[in-house]
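Have a look at model14.pdb; it's PDB, C-alpha atoms, pLDDT in the B column:
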```
ATOM      1  CA  MET A   1     -51.444  -7.880  29.880  1.00 35.00           C
ATOM      2  CA  ASP A   2     -54.677  -6.542  28.602  1.00 41.00           C
ATOM      3  CA  SER A   3     -57.754  -7.496  30.579  1.00 37.00           C
ATOM      4  CA  ALA A   4     -59.394  -4.897  32.760  1.00 41.00           C
ATOM      5  CA  PRO A   5     -58.898  -5.353  36.502  1.00 45.00           C
ATOM      6  CA  ASN A   6     -62.552  -4.508  37.116  1.00 44.00           C
ATOM      7  CA  THR A   7     -63.940  -7.057  34.651  1.00 46.00           C
ATOM      8  CA  PRO A   8     -67.004  -8.846  36.091  1.00 46.00           C
ATOM      9  CA  PRO A   9     -66.281 -12.396  37.355  1.00 48.00           C
ATOM     10  CA  GLY A  10     -66.717 -15.086  34.729  1.00 51.00           C
ATOM     11  CA  THR A  11     -66.054 -12.808  31.755  1.00 57.00           C
ATOM     12  CA  ASP A  12     -62.285 -12.553  31.595  1.00 85.00           C
ATOM     13  CA  GLU A  13     -59.371 -14.785  30.697  1.00 90.00           C
ATOM     14  CA  VAL A  14     -58.191 -17.462  33.110  1.00 96.00           C
ATOM     15  CA  VAL A  15     -54.430 -17.434  33.683  1.00 95.00           C
ATOM     16  CA  ALA A  16     -52.002 -19.639  35.582  1.00 97.00           C
ATOM     17  CA  VAL A  17     -51.270 -18.615  39.182  1.00 97.00           C
ATOM     18  CA  PHE A  18     -47.832 -19.253  40.671  1.00 97.00           C
ATOM     19  CA  ASP A  19     -46.303 -19.142  44.131  1.00 96.00           C
ATOM     20  CA  SER A  20     -43.530 -16.698  45.004  1.00 95.00           C
ATOM     21  CA  ALA A  21     -40.908 -19.326  44.058  1.00 96.00           C
ATOM     22  CA  GLY A  22     -42.277 -19.641  40.530  1.00 95.00           C
ATOM     23  CA  ARG A  23     -44.187 -22.931  40.846  1.00 95.00           C
ATOM     24  CA  PRO A  24     -47.669 -23.204  39.292  1.00 95.00           C
ATOM     25  CA  VAL A  25     -50.318 -23.530  42.030  1.00 97.00           C
ATOM     26  CA  GLY A  26     -53.594 -23.085  40.172  1.00 96.00           C
ATOM     27  CA  SER A  27     -55.465 -20.621  38.039  1.00 97.00           C
ATOM     28  CA  ALA A  28     -57.634 -17.533  38.385  1.00 97.00           C
ATOM     29  CA  GLU A  29     -59.349 -14.938  36.254  1.00 96.00           C
ATOM     30  CA  ARG A  30     -56.955 -12.218  35.164  1.00 91.00           C
ATOM     31  CA  SER A  31     -59.023  -9.536  36.900  1.00 90.00           C
ATOM     32  CA  ARG A  32     -58.621 -11.375  40.215  1.00 94.00           C
ATOM     33  CA  VAL A  33     -54.882 -11.884  39.637  1.00 93.00           C
ATOM     34  CA  TYR A  34     -54.489  -8.126  39.179  1.00 89.00           C
ATOM     35  CA  ALA A  35     -56.923  -7.037  41.891  1.00 91.00           C
ATOM     36  CA  GLU A  36     -55.355  -9.312  44.534  1.00 94.00           C
ATOM     37  CA  GLY A  37     -51.740  -9.040  43.380  1.00 94.00           C
ATOM     38  CA  LEU A  38     -51.452 -12.787  42.807  1.00 96.00           C
ATOM     39  CA  TRP A  39     -48.204 -14.151  41.427  1.00 97.00           C
ATOM     40  CA  HIS A  40     -48.516 -15.143  37.784  1.00 96.00           C
ATOM     41  CA  ALA A  41     -46.088 -15.622  34.889  1.00 96.00           C
ATOM     42  CA  SER A  42     -45.450 -13.853  31.634  1.00 95.00           C
ATOM     43  CA  ALA A  43     -43.212 -14.837  28.750  1.00 97.00           C
ATOM     44  CA  GLY A  44     -41.970 -12.869  25.781  1.00 96.00           C
ATOM     45  CA  VAL A  45     -39.647 -12.980  22.817  1.00 98.00           C
ATOM     46  CA  LEU A  46     -36.959 -10.491  21.828  1.00 97.00           C
ATOM     47  CA  VAL A  47     -36.820 -10.505  18.035  1.00 98.00           C
ATOM     48  CA  ARG A  48     -33.439  -9.819  16.451  1.00 97.00           C
ATOM     49  CA  SER A  49     -32.794  -9.438  12.752  1.00 98.00           C
ATOM     50  CA  GLY A  50     -31.179 -12.432  11.093  1.00 96.00           C
ATOM     51  CA  ASP A  51     -27.734 -10.853  11.403  1.00 97.00           C
ATOM     52  CA  GLY A  52     -28.395  -9.908  15.041  1.00 94.00           C
ATOM     53  CA  LYS A  53     -27.703  -6.207  14.436  1.00 95.00           C
ATOM     54  CA  ARG A  54     -31.237  -4.897  14.976  1.00 97.00           C
ATOM     55  CA  LEU A  55     -34.004  -5.439  17.542  1.00 97.00           C
ATOM     56  CA  TYR A  56     -37.723  -5.154  16.953  1.00 98.00           C
ATOM     57  CA  VAL A  57     -39.329  -2.520  19.194  1.00 98.00           C
ATOM     58  CA  HIS A  58     -43.016  -1.708  19.322  1.00 97.00           C
ATOM     59  CA  ARG A  59     -45.510   0.585  20.993  1.00 97.00           C
ATOM     60  CA  ARG A  60     -48.410  -1.087  22.763  1.00 96.00           C
ATOM     61  CA  SER A  61     -51.887  -0.021  21.744  1.00 95.00           C
ATOM     62  CA  ASP A  62     -53.576   2.727  23.711  1.00 94.00           C
ATOM     63  CA  THR A  63     -56.483   0.388  24.486  1.00 90.00           C
ATOM     64  CA  LYS A  64     -54.443  -2.077  26.537  1.00 86.00           C
ATOM     65  CA  THR A  65     -55.334  -1.904  30.208  1.00 73.00           C
ATOM     66  CA  VAL A  66     -51.827  -2.501  31.523  1.00 84.00           C
ATOM     67  CA  PHE A  67     -48.929  -0.401  30.216  1.00 90.00           C
ATOM     68  CA  ALA A  68     -51.097   1.107  27.464  1.00 92.00           C
ATOM     69  CA  GLY A  69     -49.133   3.163  24.957  1.00 95.00           C
ATOM     70  CA  HIS A  70     -45.788   2.092  26.402  1.00 96.00           C
ATOM     71  CA  HIS A  71     -42.919   0.812  24.294  1.00 96.00           C
ATOM     72  CA  ASP A  72     -41.671  -2.757  24.549  1.00 96.00           C
ATOM     73  CA  CYS A  73     -39.138  -5.014  22.864  1.00 96.00           C
ATOM     74  CA  LEU A  74     -40.805  -8.308  23.786  1.00 96.00           C
ATOM     75  CA  ALA A  75     -43.787  -9.869  22.082  1.00 96.00           C
ATOM     76  CA  GLY A  76     -45.380 -11.639  24.992  1.00 94.00           C
ATOM     77  CA  GLY A  77     -48.082 -12.150  27.532  1.00 93.00           C
ATOM     78  CA  VAL A  78     -49.321 -14.199  30.446  1.00 94.00           C
ATOM     79  CA  VAL A  79     -48.868 -17.943  30.802  1.00 96.00           C
ATOM     80  CA  ASP A  80     -52.102 -19.886  30.501  1.00 96.00           C
ATOM     81  CA  PRO A  81     -52.992 -22.804  32.808  1.00 97.00           C
ATOM     82  CA  GLY A  82     -51.052 -25.924  31.793  1.00 96.00           C
ATOM     83  CA  GLU A  83     -48.761 -23.948  29.502  1.00 96.00           C
ATOM     84  CA  THR A  84     -44.988 -23.629  29.889  1.00 96.00           C
ATOM     85  CA  PRO A  85     -43.360 -20.196  29.614  1.00 97.00           C
ATOM     86  CA  GLU A  86     -41.776 -21.250  26.306  1.00 97.00           C
ATOM     87  CA  GLU A  87     -45.155 -22.332  24.915  1.00 98.00           C
ATOM     88  CA  ALA A  88     -46.660 -19.004  26.020  1.00 97.00           C
ATOM     89  CA  ALA A  89     -43.791 -17.089  24.381  1.00 98.00           C
ATOM     90  CA  SER A  90     -44.233 -18.961  21.108  1.00 98.00           C
ATOM     91  CA  ARG A  91     -48.017 -18.433  21.165  1.00 97.00           C
ATOM     92  CA  GLU A  92     -47.698 -14.724  21.917  1.00 97.00           C
ATOM     93  CA  LEU A  93     -45.046 -14.225  19.205  1.00 98.00           C
ATOM     94  CA  ALA A  94     -47.440 -15.719  16.660  1.00 98.00           C
ATOM     95  CA  GLU A  95     -50.418 -13.706  17.934  1.00 96.00           C
ATOM     96  CA  GLU A  96     -48.731 -10.318  18.274  1.00 96.00           C
ATOM     97  CA  LEU A  97     -46.201 -10.293  15.410  1.00 98.00           C
ATOM     98  CA  GLY A  98     -47.311 -13.148  13.162  1.00 97.00           C
ATOM     99  CA  ILE A  99     -43.986 -14.967  13.558  1.00 98.00           C
ATOM    100  CA  THR A 100     -44.168 -18.762  13.630  1.00 97.00           C
ATOM    101  CA  GLY A 101     -41.852 -21.728  13.187  1.00 96.00           C
ATOM    102  CA  VAL A 102     -38.783 -20.208  14.849  1.00 97.00           C
ATOM    103  CA  GLY A 103     -36.552 -21.531  17.580  1.00 97.00           C
ATOM    104  CA  LEU A 104     -36.515 -19.752  20.927  1.00 98.00           C
ATOM    105  CA  THR A 105     -33.428 -19.378  23.118  1.00 97.00           C
ATOM    106  CA  PRO A 106     -33.946 -18.552  26.829  1.00 97.00           C
ATOM    107  CA  ILE A 107     -32.092 -15.348  27.730  1.00 95.00           C
ATOM    108  CA  ALA A 108     -33.402 -14.067  31.073  1.00 94.00           C
ATOM    109  CA  LYS A 109     -35.862 -14.597  33.890  1.00 94.00           C
ATOM    110  CA  VAL A 110     -36.745 -12.591  36.954  1.00 93.00           C
ATOM    111  CA  ALA A 111     -39.450 -12.283  39.591  1.00 94.00           C
ATOM    112  CA  TRP A 112     -40.906  -8.774  39.351  1.00 92.00           C
ATOM    113  CA  ASP A 113     -42.921  -7.222  42.155  1.00 93.00           C
ATOM    114  CA  GLY A 114     -44.191  -3.920  40.808  1.00 89.00           C
ATOM    115  CA  HIS A 115     -47.146  -1.588  40.505  1.00 86.00           C
ATOM    116  CA  TRP A 116     -49.311  -0.140  37.755  1.00 81.00           C
ATOM    117  CA  GLN A 117     -52.009   2.466  38.378  1.00 82.00           C
ATOM    118  CA  GLY A 118     -52.468   1.428  41.984  1.00 84.00           C
ATOM    119  CA  LEU A 119     -52.418  -2.316  41.274  1.00 84.00           C
ATOM    120  CA  ARG A 120     -49.742  -4.585  42.655  1.00 90.00           C
ATOM    121  CA  LEU A 121     -48.411  -6.706  39.815  1.00 91.00           C
ATOM    122  CA  ARG A 122     -46.317  -9.718  40.810  1.00 95.00           C
ATOM    123  CA  CYS A 123     -45.009 -11.738  37.927  1.00 94.00           C
ATOM    124  CA  HIS A 124     -42.376 -14.312  37.083  1.00 96.00           C
ATOM    125  CA  LEU A 125     -40.988 -13.049  33.794  1.00 95.00           C
ATOM    126  CA  TYR A 126     -39.330 -15.227  31.152  1.00 96.00           C
ATOM    127  CA  ALA A 127     -37.550 -13.861  28.087  1.00 96.00           C
ATOM    128  CA  TYR A 128     -36.536 -15.726  24.961  1.00 97.00           C
ATOM    129  CA  GLU A 129     -34.791 -14.609  21.813  1.00 97.00           C
ATOM    130  CA  THR A 130     -35.160 -15.461  18.144  1.00 98.00           C
ATOM    131  CA  HIS A 131     -33.826 -14.188  14.823  1.00 98.00           C
ATOM    132  CA  TRP A 132     -36.212 -13.179  12.038  1.00 98.00           C
ATOM    133  CA  ASP A 133     -36.017 -11.369   8.714  1.00 97.00           C
ATOM    134  CA  GLY A 134     -39.485 -12.207   7.435  1.00 96.00           C
ATOM    135  CA  PRO A 135     -42.671 -10.174   7.491  1.00 97.00           C
ATOM    136  CA  ILE A 136     -44.111  -8.856  10.726  1.00 97.00           C
ATOM    137  CA  VAL A 137     -47.873  -8.606  11.067  1.00 97.00           C
ATOM    138  CA  HIS A 138     -49.121  -6.670  14.097  1.00 97.00           C
ATOM    139  CA  GLN A 139     -52.175  -7.727  16.028  1.00 95.00           C
ATOM    140  CA  ALA A 140     -53.935  -4.336  15.980  1.00 92.00           C
ATOM    141  CA  SER A 141     -55.528  -4.737  19.412  1.00 92.00           C
ATOM    142  CA  GLU A 142     -52.079  -5.292  20.949  1.00 93.00           C
ATOM    143  CA  ILE A 143     -49.561  -3.258  18.932  1.00 96.00           C
ATOM    144  CA  ALA A 144     -49.932   0.278  17.584  1.00 96.00           C
ATOM    145  CA  SER A 145     -46.651   0.461  15.657  1.00 97.00           C
ATOM    146  CA  GLY A 146     -43.253  -1.160  15.430  1.00 98.00           C
ATOM    147  CA  TRP A 147     -39.761  -0.631  14.009  1.00 98.00           C
ATOM    148  CA  TRP A 148     -36.204  -1.944  14.022  1.00 98.00           C
ATOM    149  CA  TRP A 149     -33.546  -0.327  16.213  1.00 97.00           C
ATOM    150  CA  THR A 150     -29.940  -1.125  16.892  1.00 95.00           C
ATOM    151  CA  PRO A 151     -29.280  -2.408  20.414  1.00 93.00           C
ATOM    152  CA  HIS A 152     -27.470   0.872  21.110  1.00 92.00           C
ATOM    153  CA  GLU A 153     -30.575   2.887  20.183  1.00 94.00           C
ATOM    154  CA  LEU A 154     -32.739   0.790  22.504  1.00 93.00           C
ATOM    155  CA  VAL A 155     -30.280   0.907  25.416  1.00 91.00           C
ATOM    156  CA  THR A 156     -29.957   4.681  25.009  1.00 91.00           C
ATOM    157  CA  HIS A 157     -33.726   5.012  25.350  1.00 92.00           C
ATOM    158  CA  LEU A 158     -33.801   2.582  28.291  1.00 89.00           C
ATOM    159  CA  HIS A 159     -31.369   4.832  30.176  1.00 87.00           C
ATOM    160  CA  ASP A 160     -34.052   7.544  30.111  1.00 91.00           C
ATOM    161  CA  PRO A 161     -36.364   6.740  33.065  1.00 87.00           C
ATOM    162  CA  GLN A 162     -39.006   9.074  31.584  1.00 92.00           C
ATOM    163  CA  TRP A 163     -39.261   7.116  28.328  1.00 93.00           C
ATOM    164  CA  PRO A 164     -42.568   5.208  28.526  1.00 94.00           C
ATOM    165  CA  PHE A 165     -41.253   1.648  28.418  1.00 94.00           C
ATOM    166  CA  VAL A 166     -42.937  -1.392  29.950  1.00 93.00           C
ATOM    167  CA  PRO A 167     -41.410  -1.575  33.458  1.00 90.00           C
ATOM    168  CA  ASP A 168     -41.367  -5.349  33.773  1.00 87.00           C
ATOM    169  CA  THR A 169     -39.460  -5.747  30.487  1.00 89.00           C
ATOM    170  CA  ARG A 170     -37.088  -2.994  31.606  1.00 86.00           C
ATOM    171  CA  ALA A 171     -36.395  -4.954  34.811  1.00 85.00           C
ATOM    172  CA  LEU A 172     -36.005  -8.197  32.889  1.00 85.00           C
ATOM    173  CA  LEU A 173     -33.807  -7.120  29.979  1.00 86.00           C
ATOM    174  CA  GLU A 174     -31.977  -3.863  30.620  1.00 79.00           C
ATOM    175  CA  ASP A 175     -28.867  -5.520  32.091  1.00 80.00           C
ATOM    176  CA  TYR A 176     -28.946  -8.262  29.450  1.00 83.00           C
ATOM    177  CA  LEU A 177     -29.014  -5.754  26.608  1.00 81.00           C
ATOM    178  CA  VAL A 178     -26.280  -3.562  28.076  1.00 73.00           C
ATOM    179  CA  THR A 179     -24.014  -6.555  28.718  1.00 79.00           C
ATOM    180  CA  ARG A 180     -24.677  -8.503  25.521  1.00 75.00           C
ATOM    181  CA  ASP A 181     -24.693  -5.662  23.016  1.00 64.00           C
ATOM    182  CA  ARG A 182     -21.659  -3.649  24.086  1.00 57.00           C
TER
END
```

Encoding of this model in structure tokens:
Amino acid sequence: MDSAPNTPPGTDEVVAVFDSAGRPVGSAERSRVYAEGLWHASAGVLVRSGDGKRLYVHRRSDTKTVFAGHHDCLAGGVVDPGETPEEAASRELAEELGITGVGLTPIAKVAWDGHWQGLRLRCHLYAYETHWDGPIVHQASEIASGWWWTPHELVTHLHDPQWPFVPDTRALLEDYLVTRDR
């Protein structure tokens, strides 16, 4: 999520708006979605190495408005109007990491009602997984750096509540990672 909440009307991205049950009900500018705490959806992809032994982790750029400088293990973003969560996940994976032409497996979903810098963020979150051993090309405006970790390394960091990790991904995947990668 990267558009400023105080962006003037008519100048920011339009995203799909959902009801509390996760059904699409319309669209609104991202700034309005954030300012009014409207339900929206976000989808992301957990990238595992081809052998499944490593996970790709990255640090978000410091210029992102939401969760700037935080770590994440999903390449993802908001669902656009008329787009399915899987389509959004595939689009975001291509945009943020340059990965295309891979299959996505659904692994988790949750409704997250949280806060960021005084804003109420309410989002239906969808996570997918893929395996990849090819090149990774960061979108500089989105990702500052990235690296491969074992699942154990990531889970160890997730157990530290002070580690700056994107809170919605933490809510979505922490249990999945602990259970799956024991």

Using only C-alpha atoms, what residues lie at most 10 Å away from (-57.5, -13.0, 40.1) (file coordinates), given as a PDB file with C-alpha atoms, in the frame of the given file?
```pdb
ATOM      1  CA  PRO A   5     -58.898  -5.353  36.502  1.00 45.00           C
ATOM      2  CA  PRO A   9     -66.281 -12.396  37.355  1.00 48.00           C
ATOM      3  CA  ASP A  12     -62.285 -12.553  31.595  1.00 85.00           C
ATOM      4  CA  GLU A  13     -59.371 -14.785  30.697  1.00 90.00           C
ATOM      5  CA  VAL A  14     -58.191 -17.462  33.110  1.00 96.00           C
ATOM      6  CA  VAL A  15     -54.430 -17.434  33.683  1.00 95.00           C
ATOM      7  CA  ALA A  16     -52.002 -19.639  35.582  1.00 97.00           C
ATOM      8  CA  VAL A  17     -51.270 -18.615  39.182  1.00 97.00           C
ATOM      9  CA  SER A  27     -55.465 -20.621  38.039  1.00 97.00           C
ATOM     10  CA  ALA A  28     -57.634 -17.533  38.385  1.00 97.00           C
ATOM     11  CA  GLU A  29     -59.349 -14.938  36.254  1.00 96.00           C
ATOM     12  CA  ARG A  30     -56.955 -12.218  35.164  1.00 91.00           C
ATOM     13  CA  SER A  31     -59.023  -9.536  36.900  1.00 90.00           C
ATOM     14  CA  ARG A  32     -58.621 -11.375  40.215  1.00 94.00           C
ATOM     15  CA  VAL A  33     -54.882 -11.884  39.637  1.00 93.00           C
ATOM     16  CA  TYR A  34     -54.489  -8.126  39.179  1.00 89.00           C
ATOM     17  CA  ALA A  35     -56.923  -7.037  41.891  1.00 91.00           C
ATOM     18  CA  GLU A  36     -55.355  -9.312  44.534  1.00 94.00           C
ATOM     19  CA  GLY A  37     -51.740  -9.040  43.380  1.00 94.00           C
ATOM     20  CA  LEU A  38     -51.452 -12.787  42.807  1.00 96.00           C
ATOM     21  CA  TRP A  39     -48.204 -14.151  41.427  1.00 97.00           C
ATOM     22  CA  HIS A  40     -48.516 -15.143  37.784  1.00 96.00           C
TER      23      HIS A  40
END
```

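Using all atoms listed in the file for every distance, the candidate list A:Asp19, A:Glu174, A:Glu153, A:Glu129 yields A:Glu129 as the residue closest to A:Leu74.
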
Long-range neighbours of stretch 77-81 of chain A as an NGL selection string, 6 Å cut-off, only C-alpha atoms, 5 positions minimum in chain
:A and (1 or 15-16 or 41-43 or 88)

Mind telling me what the PyMOL selection byres ((chain A and resi 139) around 12) catches here, as a ChimeraX atom specification?
/A:58-61,75-76,92-99,136-138,140-146

Nearest residue to A:Val45 out of A:Thr169, A:Thr84, A:Gln117, A:Thr150, using only C-alpha atoms?
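For A:Val45, the nearest of the given residues is A:Thr169.
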
Non-local contacts of A:His159 (12 Å; all atoms listed in the file; under 5 positions in same chain excluded) as JSON, numbers by chain:
{"A": [152, 153, 154, 164, 165, 170, 171, 174, 175, 177, 178]}

Taking the file as shown, what set of residues would the PyMOL selection byres ((chain A and resi 102-105) around 6) give back, as a VMD selection string?
chain A and resid 100 to 101 106 128 to 130

Ranking A:Arg122, A:His157, A:Lys64, A:Arg180 by minimum distance to A:Ala21 and counting only C-alpha atoms, which one comes first?
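Nearest candidate to A:Ala21 out of A:Arg122, A:His157, A:Lys64, A:Arg180: A:Arg122.
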
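Between atom CA of A:Gly44 and atom CA of A:Ala89 there is a distance of 4.8 Å.
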
Measuring between only C-alpha atoms, which one of A:Leu46, A:Ala108, A:Gly118, A:Pro24 shows the shortest distance to A:Asp72?
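For A:Asp72, the nearest of the given residues is A:Leu46.
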
Nearest to A:Cys73 by atom-to-atom distance, counting only C-alpha atoms, from A:Lys53, A:Arg23, A:Arg91, A:Arg48
A:Arg48

Using only C-alpha atoms, which of A:Tyr126, A:Trp116, A:Trp149, A:Phe67 sits nearest A:Leu172?
A:Tyr126

Report, in Å to a single decimal, how far apart atom CA of A:Val110 and atom CA of A:Cys123 are.
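Distance between the two atoms: 8.4 Å.
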
Edge lengths and centre in Å to one decimal, as JSON, of the axis-aligned box that encloses all listed atoms of stretch 88-93 of chain A with 3 Å added on every side?
```
{"center_x": -45.9, "center_y": -16.6, "center_z": 22.6, "size_x": 10.2, "size_y": 10.8, "size_z": 12.8}
```

Fill-in result for stretch 25-35 of chain A, all heavy atoms as a PDB file, keeping the file's coordinate frame:
```pdb
ATOM      1  N   VAL A  25     -49.505 -23.069  40.897  1.00 97.00           N
ATOM      2  CA  VAL A  25     -50.318 -23.530  42.030  1.00 97.00           C
ATOM      3  C   VAL A  25     -51.816 -23.513  41.722  1.00 97.00           C
ATOM      4  O   VAL A  25     -52.616 -23.845  42.588  1.00 97.00           O
ATOM      5  CB  VAL A  25     -50.037 -22.702  43.311  1.00 97.00           C
ATOM      6  CG1 VAL A  25     -48.604 -22.906  43.773  1.00 97.00           C
ATOM      7  CG2 VAL A  25     -50.341 -21.228  43.086  1.00 97.00           C
ATOM      8  N   GLY A  26     -52.181 -23.123  40.515  1.00 96.00           N
ATOM      9  CA  GLY A  26     -53.594 -23.085  40.172  1.00 96.00           C
ATOM     10  C   GLY A  26     -53.869 -22.101  39.063  1.00 96.00           C
ATOM     11  O   GLY A  26     -52.990 -21.799  38.254  1.00 96.00           O
ATOM     12  N   SER A  27     -55.079 -21.587  39.056  1.00 97.00           N
ATOM     13  CA  SER A  27     -55.465 -20.621  38.039  1.00 97.00           C
ATOM     14  C   SER A  27     -56.501 -19.668  38.623  1.00 97.00           C
ATOM     15  O   SER A  27     -57.137 -19.967  39.633  1.00 97.00           O
ATOM     16  CB  SER A  27     -56.021 -21.327  36.802  1.00 97.00           C
ATOM     17  OG  SER A  27     -57.185 -22.050  37.135  1.00 97.00           O
ATOM     18  N   ALA A  28     -56.651 -18.535  37.969  1.00 97.00           N
ATOM     19  CA  ALA A  28     -57.634 -17.533  38.385  1.00 97.00           C
ATOM     20  C   ALA A  28     -57.912 -16.612  37.210  1.00 97.00           C
ATOM     21  O   ALA A  28     -57.109 -16.517  36.280  1.00 97.00           O
ATOM     22  CB  ALA A  28     -57.121 -16.725  39.578  1.00 97.00           C
ATOM     23  N   GLU A  29     -59.052 -15.939  37.273  1.00 96.00           N
ATOM     24  CA  GLU A  29     -59.349 -14.938  36.254  1.00 96.00           C
ATOM     25  C   GLU A  29     -58.339 -13.805  36.366  1.00 96.00           C
ATOM     26  O   GLU A  29     -57.916 -13.435  37.456  1.00 96.00           O
ATOM     27  CB  GLU A  29     -60.768 -14.417  36.418  1.00 96.00           C
ATOM     28  CG  GLU A  29     -61.800 -15.473  36.070  1.00 96.00           C
ATOM     29  CD  GLU A  29     -63.217 -14.985  36.247  1.00 96.00           C
ATOM     30  OE1 GLU A  29     -63.441 -14.052  37.040  1.00 96.00           O
ATOM     31  OE2 GLU A  29     -64.100 -15.561  35.583  1.00 96.00           O
ATOM     32  N   ARG A  30     -57.967 -13.270  35.216  1.00 91.00           N
ATOM     33  CA  ARG A  30     -56.955 -12.218  35.164  1.00 91.00           C
ATOM     34  C   ARG A  30     -57.331 -11.026  36.051  1.00 91.00           C
ATOM     35  O   ARG A  30     -56.485 -10.472  36.733  1.00 91.00           O
ATOM     36  CB  ARG A  30     -56.750 -11.754  33.727  1.00 91.00           C
ATOM     37  CG  ARG A  30     -55.606 -10.769  33.587  1.00 91.00           C
ATOM     38  CD  ARG A  30     -55.545 -10.158  32.203  1.00 91.00           C
ATOM     39  NE  ARG A  30     -55.338 -11.122  31.166  1.00 91.00           N
ATOM     40  CZ  ARG A  30     -54.283 -11.146  30.368  1.00 91.00           C
ATOM     41  NH1 ARG A  30     -53.328 -10.257  30.523  1.00 91.00           N
ATOM     42  NH2 ARG A  30     -54.183 -12.037  29.419  1.00 91.00           N
ATOM     43  N   SER A  31     -58.610 -10.667  36.070  1.00 90.00           N
ATOM     44  CA  SER A  31     -59.023  -9.536  36.900  1.00 90.00           C
ATOM     45  C   SER A  31     -58.723  -9.801  38.375  1.00 90.00           C
ATOM     46  O   SER A  31     -58.308  -8.900  39.101  1.00 90.00           O
ATOM     47  CB  SER A  31     -60.512  -9.236  36.703  1.00 90.00           C
ATOM     48  OG  SER A  31     -61.296 -10.361  37.045  1.00 90.00           O
ATOM     49  N   ARG A  32     -58.924 -11.024  38.821  1.00 94.00           N
ATOM     50  CA  ARG A  32     -58.621 -11.375  40.215  1.00 94.00           C
ATOM     51  C   ARG A  32     -57.118 -11.365  40.466  1.00 94.00           C
ATOM     52  O   ARG A  32     -56.649 -10.896  41.512  1.00 94.00           O
ATOM     53  CB  ARG A  32     -59.204 -12.748  40.538  1.00 94.00           C
ATOM     54  CG  ARG A  32     -58.951 -13.150  41.975  1.00 94.00           C
ATOM     55  CD  ARG A  32     -59.663 -14.435  42.361  1.00 94.00           C
ATOM     56  NE  ARG A  32     -59.001 -14.930  43.562  1.00 94.00           N
ATOM     57  CZ  ARG A  32     -58.594 -16.161  43.740  1.00 94.00           C
ATOM     58  NH1 ARG A  32     -58.813 -17.074  42.815  1.00 94.00           N
ATOM     59  NH2 ARG A  32     -57.976 -16.508  44.837  1.00 94.00           N
ATOM     60  N   VAL A  33     -56.348 -11.881  39.512  1.00 93.00           N
ATOM     61  CA  VAL A  33     -54.882 -11.884  39.637  1.00 93.00           C
ATOM     62  C   VAL A  33     -54.386 -10.457  39.845  1.00 93.00           C
ATOM     63  O   VAL A  33     -53.563 -10.192  40.722  1.00 93.00           O
ATOM     64  CB  VAL A  33     -54.230 -12.532  38.391  1.00 93.00           C
ATOM     65  CG1 VAL A  33     -52.731 -12.291  38.358  1.00 93.00           C
ATOM     66  CG2 VAL A  33     -54.535 -14.027  38.360  1.00 93.00           C
ATOM     67  N   TYR A  34     -54.905  -9.527  39.056  1.00 89.00           N
ATOM     68  CA  TYR A  34     -54.489  -8.126  39.179  1.00 89.00           C
ATOM     69  C   TYR A  34     -55.024  -7.489  40.455  1.00 89.00           C
ATOM     70  O   TYR A  34     -54.302  -6.804  41.171  1.00 89.00           O
ATOM     71  CB  TYR A  34     -54.953  -7.314  37.974  1.00 89.00           C
ATOM     72  CG  TYR A  34     -54.263  -7.660  36.669  1.00 89.00           C
ATOM     73  CD1 TYR A  34     -54.786  -7.247  35.469  1.00 89.00           C
ATOM     74  CD2 TYR A  34     -53.096  -8.408  36.641  1.00 89.00           C
ATOM     75  CE1 TYR A  34     -54.171  -7.541  34.266  1.00 89.00           C
ATOM     76  CE2 TYR A  34     -52.469  -8.718  35.445  1.00 89.00           C
ATOM     77  CZ  TYR A  34     -53.010  -8.276  34.263  1.00 89.00           C
ATOM     78  OH  TYR A  34     -52.395  -8.573  33.086  1.00 89.00           O
ATOM     79  N   ALA A  35     -56.300  -7.681  40.724  1.00 91.00           N
ATOM     80  CA  ALA A  35     -56.923  -7.037  41.891  1.00 91.00           C
ATOM     81  C   ALA A  35     -56.292  -7.480  43.202  1.00 91.00           C
ATOM     82  O   ALA A  35     -56.148  -6.692  44.131  1.00 91.00           O
ATOM     83  CB  ALA A  35     -58.425  -7.324  41.908  1.00 91.00           C
TER      84      ALA A  35
END
```
